[in-house]
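Trainee: Hey, dropping model.tsv in here, TSV, C-alpha atoms:
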chain	number	residue	atom	x	y	z
A	4	MET	CA	0.00	0.00	0.00
A	5	LEU	CA	1.15	3.53	-0.72
A	6	PHE	CA	-0.42	6.81	0.47
A	7	GLU	CA	1.10	10.16	-0.41
A	8	ILE	CA	0.40	13.88	-0.44
A	9	THR	CA	2.87	15.68	-2.68
A	10	GLU	CA	3.41	18.99	-4.43
A	11	GLU	CA	5.11	17.20	-7.33
A	12	PRO	CA	3.34	16.04	-10.52
A	13	LEU	CA	1.79	12.58	-10.08
A	14	ASP	CA	3.10	9.53	-11.91
A	15	PRO	CA	0.32	7.03	-12.78
A	16	GLN	CA	2.70	4.36	-14.04
A	17	ARG	CA	4.55	4.32	-10.73
A	18	LEU	CA	1.27	3.83	-8.86
A	19	ALA	CA	0.08	1.05	-11.18
A	20	ASP	CA	3.44	-0.71	-10.86
A	21	HIS	CA	3.27	-0.37	-7.10
A	22	VAL	CA	-0.04	-2.27	-6.75
A	23	ARG	CA	0.55	-4.85	-9.47
A	24	SER	CA	1.69	-8.32	-8.48
A	25	ASP	CA	1.92	-11.67	-10.25
A	26	ALA	CA	-1.33	-12.71	-8.54
A	27	SER	CA	-3.22	-9.70	-9.92
A	28	GLY	CA	-5.15	-10.10	-13.13
A	29	ALA	CA	-6.47	-6.53	-13.05
A	30	VAL	CA	-5.31	-3.05	-12.12
A	31	ALA	CA	-7.88	-0.22	-12.05
A	32	LEU	CA	-6.42	3.27	-12.09
A	33	PHE	CA	-8.49	6.42	-11.53
A	34	TYR	CA	-7.24	9.90	-12.48
A	35	GLY	CA	-8.89	13.03	-11.11
A	36	VAL	CA	-8.05	15.80	-13.58
A	37	VAL	CA	-8.42	19.60	-13.31
A	38	ARG	CA	-11.33	20.69	-15.53
A	39	ASP	CA	-11.64	24.10	-17.22
A	40	HIS	CA	-15.17	24.88	-16.06
A	41	ASN	CA	-17.51	24.46	-13.10
A	42	LYS	CA	-21.09	25.71	-12.59
A	43	GLY	CA	-20.97	27.68	-15.84
A	44	ARG	CA	-17.75	29.47	-14.95
A	45	LYS	CA	-14.44	29.25	-16.75
A	46	VAL	CA	-11.91	27.97	-14.21
A	47	LEU	CA	-8.35	29.31	-14.56
A	48	TYR	CA	-6.65	26.97	-12.10
A	49	LEU	CA	-7.16	25.16	-8.77
A	50	GLU	CA	-5.29	25.39	-5.50
A	51	TYR	CA	-5.29	22.46	-3.10
A	52	ASP	CA	-4.69	22.63	0.63
A	53	ALA	CA	-4.25	19.54	2.79
A	54	TYR	CA	-3.57	18.32	6.31
A	55	PRO	CA	-0.93	15.85	5.10
A	56	GLU	CA	-0.32	13.84	8.28
A	57	MET	CA	-4.02	13.19	8.76
A	58	ALA	CA	-4.80	12.81	5.05
A	59	THR	CA	-2.35	9.94	4.62
A	60	LYS	CA	-3.68	8.30	7.78
A	61	VAL	CA	-7.31	8.54	6.60
A	62	MET	CA	-6.33	7.22	3.15
A	63	ARG	CA	-4.84	4.16	4.84
A	64	GLN	CA	-8.00	3.71	6.93
A	65	ILE	CA	-10.34	3.77	3.92
A	66	ALA	CA	-8.03	1.42	1.99
A	67	GLU	CA	-7.93	-1.04	4.89
A	68	GLU	CA	-11.72	-0.89	5.23
A	69	MET	CA	-11.99	-1.69	1.53
A	70	LYS	CA	-9.57	-4.62	1.79
A	71	GLU	CA	-11.65	-6.07	4.61
A	72	ARG	CA	-14.83	-6.19	2.58
A	73	SER	CA	-13.56	-6.81	-0.93
A	74	PRO	CA	-11.13	-9.41	-2.34
A	75	ILE	CA	-8.60	-6.91	-3.65
A	76	ASP	CA	-4.83	-7.32	-3.56
A	77	ASP	CA	-3.45	-3.83	-3.04
A	78	VAL	CA	-4.30	-0.10	-3.02
A	79	ALA	CA	-2.24	3.03	-3.66
A	80	ILE	CA	-3.47	6.64	-3.42
A	81	GLN	CA	-1.74	9.93	-4.19
A	82	HIS	CA	-3.06	13.49	-4.08
A	83	ARG	CA	-1.23	16.57	-5.25
A	84	THR	CA	-1.36	19.95	-3.45
A	85	GLY	CA	-0.56	23.54	-4.37
A	86	ARG	CA	-1.49	25.20	-7.66
A	87	LEU	CA	-2.69	22.86	-10.44
A	88	GLU	CA	-3.33	23.96	-14.01
A	89	ILE	CA	-6.13	22.77	-16.29
A	90	GLY	CA	-5.48	19.19	-17.42
A	91	GLU	CA	-3.14	18.31	-14.58
A	92	THR	CA	-3.83	15.29	-12.37
A	93	SER	CA	-4.84	16.00	-8.77
A	94	LEU	CA	-5.75	12.49	-7.58
A	95	LEU	CA	-4.67	8.96	-8.45
A	96	ILE	CA	-6.19	5.80	-6.98
A	97	ALA	CA	-4.86	2.41	-8.08
A	98	VAL	CA	-6.39	-0.92	-7.07
A	99	SER	CA	-5.25	-4.42	-8.01
A	100	SER	CA	-7.23	-7.63	-7.76
A	101	GLY	CA	-7.44	-11.11	-9.20
A	102	HIS	CA	-10.29	-10.15	-11.53
A	103	ARG	CA	-11.49	-6.88	-13.08
A	104	LYS	CA	-14.88	-6.58	-11.37
A	105	GLU	CA	-13.43	-6.20	-7.87
A	106	ALA	CA	-10.77	-3.72	-9.02
A	107	PHE	CA	-13.31	-1.48	-10.82
A	108	GLU	CA	-15.80	-1.55	-7.95
A	109	ALA	CA	-13.26	-0.97	-5.18
A	110	CYS	CA	-11.62	1.87	-7.12
A	111	HIS	CA	-15.00	3.57	-7.66
A	112	ALA	CA	-15.98	3.18	-4.00
A	113	LEU	CA	-12.59	4.48	-2.83
A	114	VAL	CA	-12.91	7.65	-4.94
A	115	ASP	CA	-16.34	8.33	-3.41
A	116	ARG	CA	-15.13	7.65	0.12
A	117	PHE	CA	-11.98	9.71	-0.43
A	118	LYS	CA	-14.04	12.76	-1.32
A	119	GLU	CA	-16.11	12.45	1.87
A	120	VAL	CA	-13.45	12.08	4.52
A	121	VAL	CA	-9.87	12.85	3.42
A	122	PRO	CA	-8.88	16.31	4.71
A	123	ILE	CA	-8.02	18.00	1.41
A	124	TRP	CA	-9.62	21.17	0.06
A	125	LYS	CA	-9.69	22.85	-3.31
A	126	LYS	CA	-10.07	26.47	-4.22
A	127	GLU	CA	-11.35	27.39	-7.66
A	128	VAL	CA	-9.86	30.49	-9.20
A	129	TRP	CA	-11.66	32.13	-12.09
A	130	GLU	CA	-11.44	35.55	-13.72
A	131	GLY	CA	-12.34	38.09	-11.06
A	132	GLY	CA	-12.84	35.73	-8.15
A	133	GLU	CA	-12.10	32.59	-6.18
A	134	GLU	CA	-13.93	30.23	-3.85
A	135	TRP	CA	-13.16	27.29	-1.60
A	136	VAL	CA	-15.27	24.39	-2.81
A	137	GLU	CA	-17.15	22.54	-0.08
A	138	GLY	CA	-18.12	18.92	-0.51
A	139	GLU	CA	-21.76	18.11	0.02
A	140	SER	CA	-21.27	14.99	2.07
A	141	VAL	CA	-19.15	15.17	5.15
A	142	GLN	CA	-19.43	12.36	7.64
A	143	LYS	CA	-17.21	11.04	10.28
A	144	PRO	CA	-15.65	7.66	9.51
A	145	SER	CA	-17.61	5.01	11.35
B	4	MET	CA	1.64	28.72	28.82
B	5	PRO	CA	-0.06	27.48	25.62
B	6	ASN	CA	-1.02	23.84	25.82
B	7	VAL	CA	-3.03	22.97	22.71
B	8	LYS	CA	-1.76	23.49	19.18
B	9	VAL	CA	-4.51	24.46	16.71
B	10	LEU	CA	-4.26	23.94	12.94
B	11	LEU	CA	-6.49	25.77	10.48
B	12	PHE	CA	-6.96	24.91	6.82
B	13	ALA	CA	-8.42	26.22	3.57
B	14	ARG	CA	-11.18	28.80	4.11
B	15	LEU	CA	-10.72	28.80	7.89
B	16	SER	CA	-7.03	29.67	7.63
B	17	GLU	CA	-7.82	32.53	5.24
B	18	LEU	CA	-10.55	33.87	7.55
B	19	ALA	CA	-8.29	33.69	10.59
B	20	GLY	CA	-5.22	34.95	8.72
B	21	THR	CA	-3.10	32.13	10.12
B	22	ARG	CA	-2.59	28.38	9.68
B	23	GLN	CA	-1.56	27.69	13.25
B	24	THR	CA	-2.11	29.05	16.74
B	25	GLN	CA	-1.92	27.99	20.38
B	26	LEU	CA	-4.57	27.83	23.09
B	27	GLU	CA	-4.31	27.64	26.83
B	28	LEU	CA	-7.32	25.69	28.02
B	29	GLY	CA	-8.73	25.00	31.40
B	30	GLU	CA	-9.42	21.50	32.67
B	31	GLY	CA	-12.14	19.56	30.85
B	32	LEU	CA	-12.76	21.98	28.01
B	33	THR	CA	-14.03	20.40	24.79
B	34	VAL	CA	-13.15	21.03	21.15
B	35	ALA	CA	-16.44	22.99	20.81
B	36	ASP	CA	-15.33	25.23	23.70
B	37	ALA	CA	-12.04	25.74	21.90
B	38	TYR	CA	-13.91	26.87	18.77
B	39	VAL	CA	-15.79	29.50	20.81
B	40	ILE	CA	-12.49	30.84	22.20
B	41	LEU	CA	-10.98	30.87	18.70
B	42	SER	CA	-14.04	32.73	17.35
B	43	ASP	CA	-13.38	35.47	19.90
B	44	ARG	CA	-9.81	35.71	18.69
B	45	TYR	CA	-10.73	35.46	14.97
B	46	PRO	CA	-14.33	36.72	14.57
B	47	GLY	CA	-14.45	35.57	10.93
B	48	LEU	CA	-14.64	31.96	12.16
B	49	GLU	CA	-17.95	32.35	14.01
B	50	PRO	CA	-20.33	31.83	11.03
B	51	LEU	CA	-18.68	28.49	10.20
B	52	ARG	CA	-19.20	26.91	13.60
B	53	ASN	CA	-21.93	24.54	12.37
B	54	SER	CA	-20.10	23.27	9.30
B	55	VAL	CA	-16.67	22.62	10.80
B	56	MET	CA	-15.49	19.18	11.84
B	57	TYR	CA	-12.75	18.47	14.34
B	58	ALA	CA	-9.73	16.23	14.55
B	59	VAL	CA	-7.55	15.68	17.60
B	60	ASN	CA	-4.11	14.21	16.94
B	61	SER	CA	-5.17	13.39	13.34
B	62	GLU	CA	-8.36	11.48	14.26
B	63	TYR	CA	-11.89	12.78	13.66
B	64	VAL	CA	-13.64	13.46	16.98
B	65	SER	CA	-17.05	14.78	18.04
B	66	SER	CA	-17.46	18.35	19.27
B	67	THR	CA	-17.86	17.11	22.83
B	68	GLN	CA	-14.39	15.54	22.95
B	69	PRO	CA	-12.37	16.93	25.92
B	70	LEU	CA	-8.92	18.31	25.16
B	71	SER	CA	-5.73	17.41	27.00
B	72	PRO	CA	-2.45	19.31	27.26
B	73	GLY	CA	-0.22	18.64	24.26
B	74	ASP	CA	-3.12	17.79	21.93
B	75	GLU	CA	-3.09	18.93	18.32
B	76	LEU	CA	-6.56	20.21	17.37
B	77	ALA	CA	-7.38	20.63	13.67
B	78	LEU	CA	-10.40	22.56	12.40
B	79	ILE	CA	-11.65	20.75	9.30
B	80	PRO	CA	-13.94	22.61	6.88
B	81	PRO	CA	-16.06	20.44	4.52
B	82	VAL	CA	-13.54	18.50	2.43
B	83	SER	CA	-13.31	18.69	-1.38
B	84	GLY	CA	-10.36	16.67	-2.64
B	85	GLY	CA	-10.27	15.17	-6.11
B	86	SER	CA	-11.27	17.24	-9.11
B	87	ASP	CA	-14.70	16.57	-10.57
B	88	ALA	CA	-17.94	18.11	-9.33
B	89	VAL	CA	-18.88	17.29	-5.78
Using the file provided, produce a representation of the structure as structure tokens.

Mentor:
Amino acid sequence: MLFEITEEPLDPQRLADHVRSDASGAVALFYGVVRDHNKGRKVLYLEYDAYPEMATKVMRQIAEEMKERSPIDDVAIQHRTGRLEIGETSLLIAVSSGHRKEAFEACHALVDRFKEVVPIWKKEVWEGGEEWVEGESVQKPS
Amino acid sequence: MPNVKVLLFARLSELAGTRQTQLELGEGLTVADAYVILSDRYPGLEPLRNSVMYAVNSEYVSSTQPLSPGDELALIPPVSGGSDAV
């Protein structure tokens, strides 16, 4: 397992290689990418803030929860902080498993869970303004 | 003598004008009490009292959690990692 918060550009191949093993028939890899618009506004760039010590700890918790309920082999998660331009990757989640169904499903569920509980925040900057985006679902981990 | 370290992030750090401060707390005070004291110090924080979550020593806690000397209290605004629409 690998959990990182970094200001450096993310490397998807490194993450996929990290989770792959000879027992894994499938690797699912999710990229979160900075989009040029939101709610009808043209976004110039995003800025991410994080509580790195807690973020990596919570990433490990959600990955371990997923491993307990799904037959997956390994998980790796990276999130980038600081200023990100349009088209750059902010989040990578890689999951390996024996078969594709489990990898797809666990990867999807991990992205959703990540966005609820991992202490990372993004600010949208557009022409003439900026705003911290607030997620709609915030719940304490059970 | 300050005894609890407080971390602020994202919108809260901008409203307070700082990412870190210290609090000296009496016996048995909770994280919600700490937020009230911080709102006196940084009035911009007051309107966000109902949306903030708390972590002590990197674990989510409820607002009724008592604080102990040496604790690290983090004020957590609603999270928004990733990139697509929430």

Trainee: Can you work out the spacing between CA of Ser71 in chain B and CA of Glu27 in chain B in Å, to one decimal?

Mentor: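 Calculated distance between CA of Ser71 in chain B and CA of Glu27 in chain B is 10.3 Å.
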
Trainee: Give the residues of chain A that lie within 8 Å of chain B; count all atoms listed in the file, and format the answer as a compact mmCIF listing (two decimals) with C-alpha atoms, in the frame of the given file.

Mentor:
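File written: out-v8.txt
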# COMPACT_ATOMS: atom_id res chain seq x y z
CA GLY A 35 -8.89 13.03 -11.11
CA VAL A 36 -8.05 15.80 -13.58
CA VAL A 37 -8.42 19.60 -13.31
CA ARG A 38 -11.33 20.69 -15.53
CA ASN A 41 -17.51 24.46 -13.10
CA TYR A 51 -5.29 22.46 -3.10
CA ASP A 52 -4.69 22.63 0.63
CA ALA A 53 -4.25 19.54 2.79
CA TYR A 54 -3.57 18.32 6.31
CA GLU A 56 -0.32 13.84 8.28
CA MET A 57 -4.02 13.19 8.76
CA LYS A 60 -3.68 8.30 7.78
CA HIS A 82 -3.06 13.49 -4.08
CA SER A 93 -4.84 16.00 -8.77
CA LEU A 94 -5.75 12.49 -7.58
CA PHE A 117 -11.98 9.71 -0.43
CA LYS A 118 -14.04 12.76 -1.32
CA GLU A 119 -16.11 12.45 1.87
CA VAL A 120 -13.45 12.08 4.52
CA VAL A 121 -9.87 12.85 3.42
CA PRO A 122 -8.88 16.31 4.71
CA ILE A 123 -8.02 18.00 1.41
CA TRP A 124 -9.62 21.17 0.06
CA LYS A 125 -9.69 22.85 -3.31
CA LYS A 126 -10.07 26.47 -4.22
CA TRP A 135 -13.16 27.29 -1.60
CA VAL A 136 -15.27 24.39 -2.81
CA GLU A 137 -17.15 22.54 -0.08
CA GLY A 138 -18.12 18.92 -0.51
CA GLU A 139 -21.76 18.11 0.02
CA SER A 140 -21.27 14.99 2.07
CA VAL A 141 -19.15 15.17 5.15
CA LYS A 143 -17.21 11.04 10.28
CA PRO A 144 -15.65 7.66 9.51

Trainee: Box in all listed atoms of range 46-62 of chain A, axis-aligned, with 8 Å more on each side; write out centre and edge lengths in Å to one decimal as JSON.

Mentor:
{"center_x": -6.1, "center_y": 18.3, "center_z": -2.9, "size_x": 27.6, "size_y": 38.1, "size_z": 39.3}

Trainee: For the atom pair CA of Leu49 in chain A and CA of Ala112 in chain A, what is the interatomic distance in Å to one decimal place?

Mentor: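 Between CA of Leu49 in chain A and CA of Ala112 in chain A the gap is 24.2 Å.
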
Trainee: Measuring between all atoms listed in the file, which one of B:Val34, B:Leu28, B:Leu48, B:Ala19 shows the shortest distance to Pro72 in chain B?

Mentor: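 Of B:Val34, B:Leu28, B:Leu48, B:Ala19, the one nearest Pro72 in chain B is B:Leu28, counting all atoms listed in the file.
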
Trainee: Please report the interatomic distance between CA of Leu26 in chain B and CA of Leu51 in chain B in Å with one decimal.

Mentor: 19.1 Å
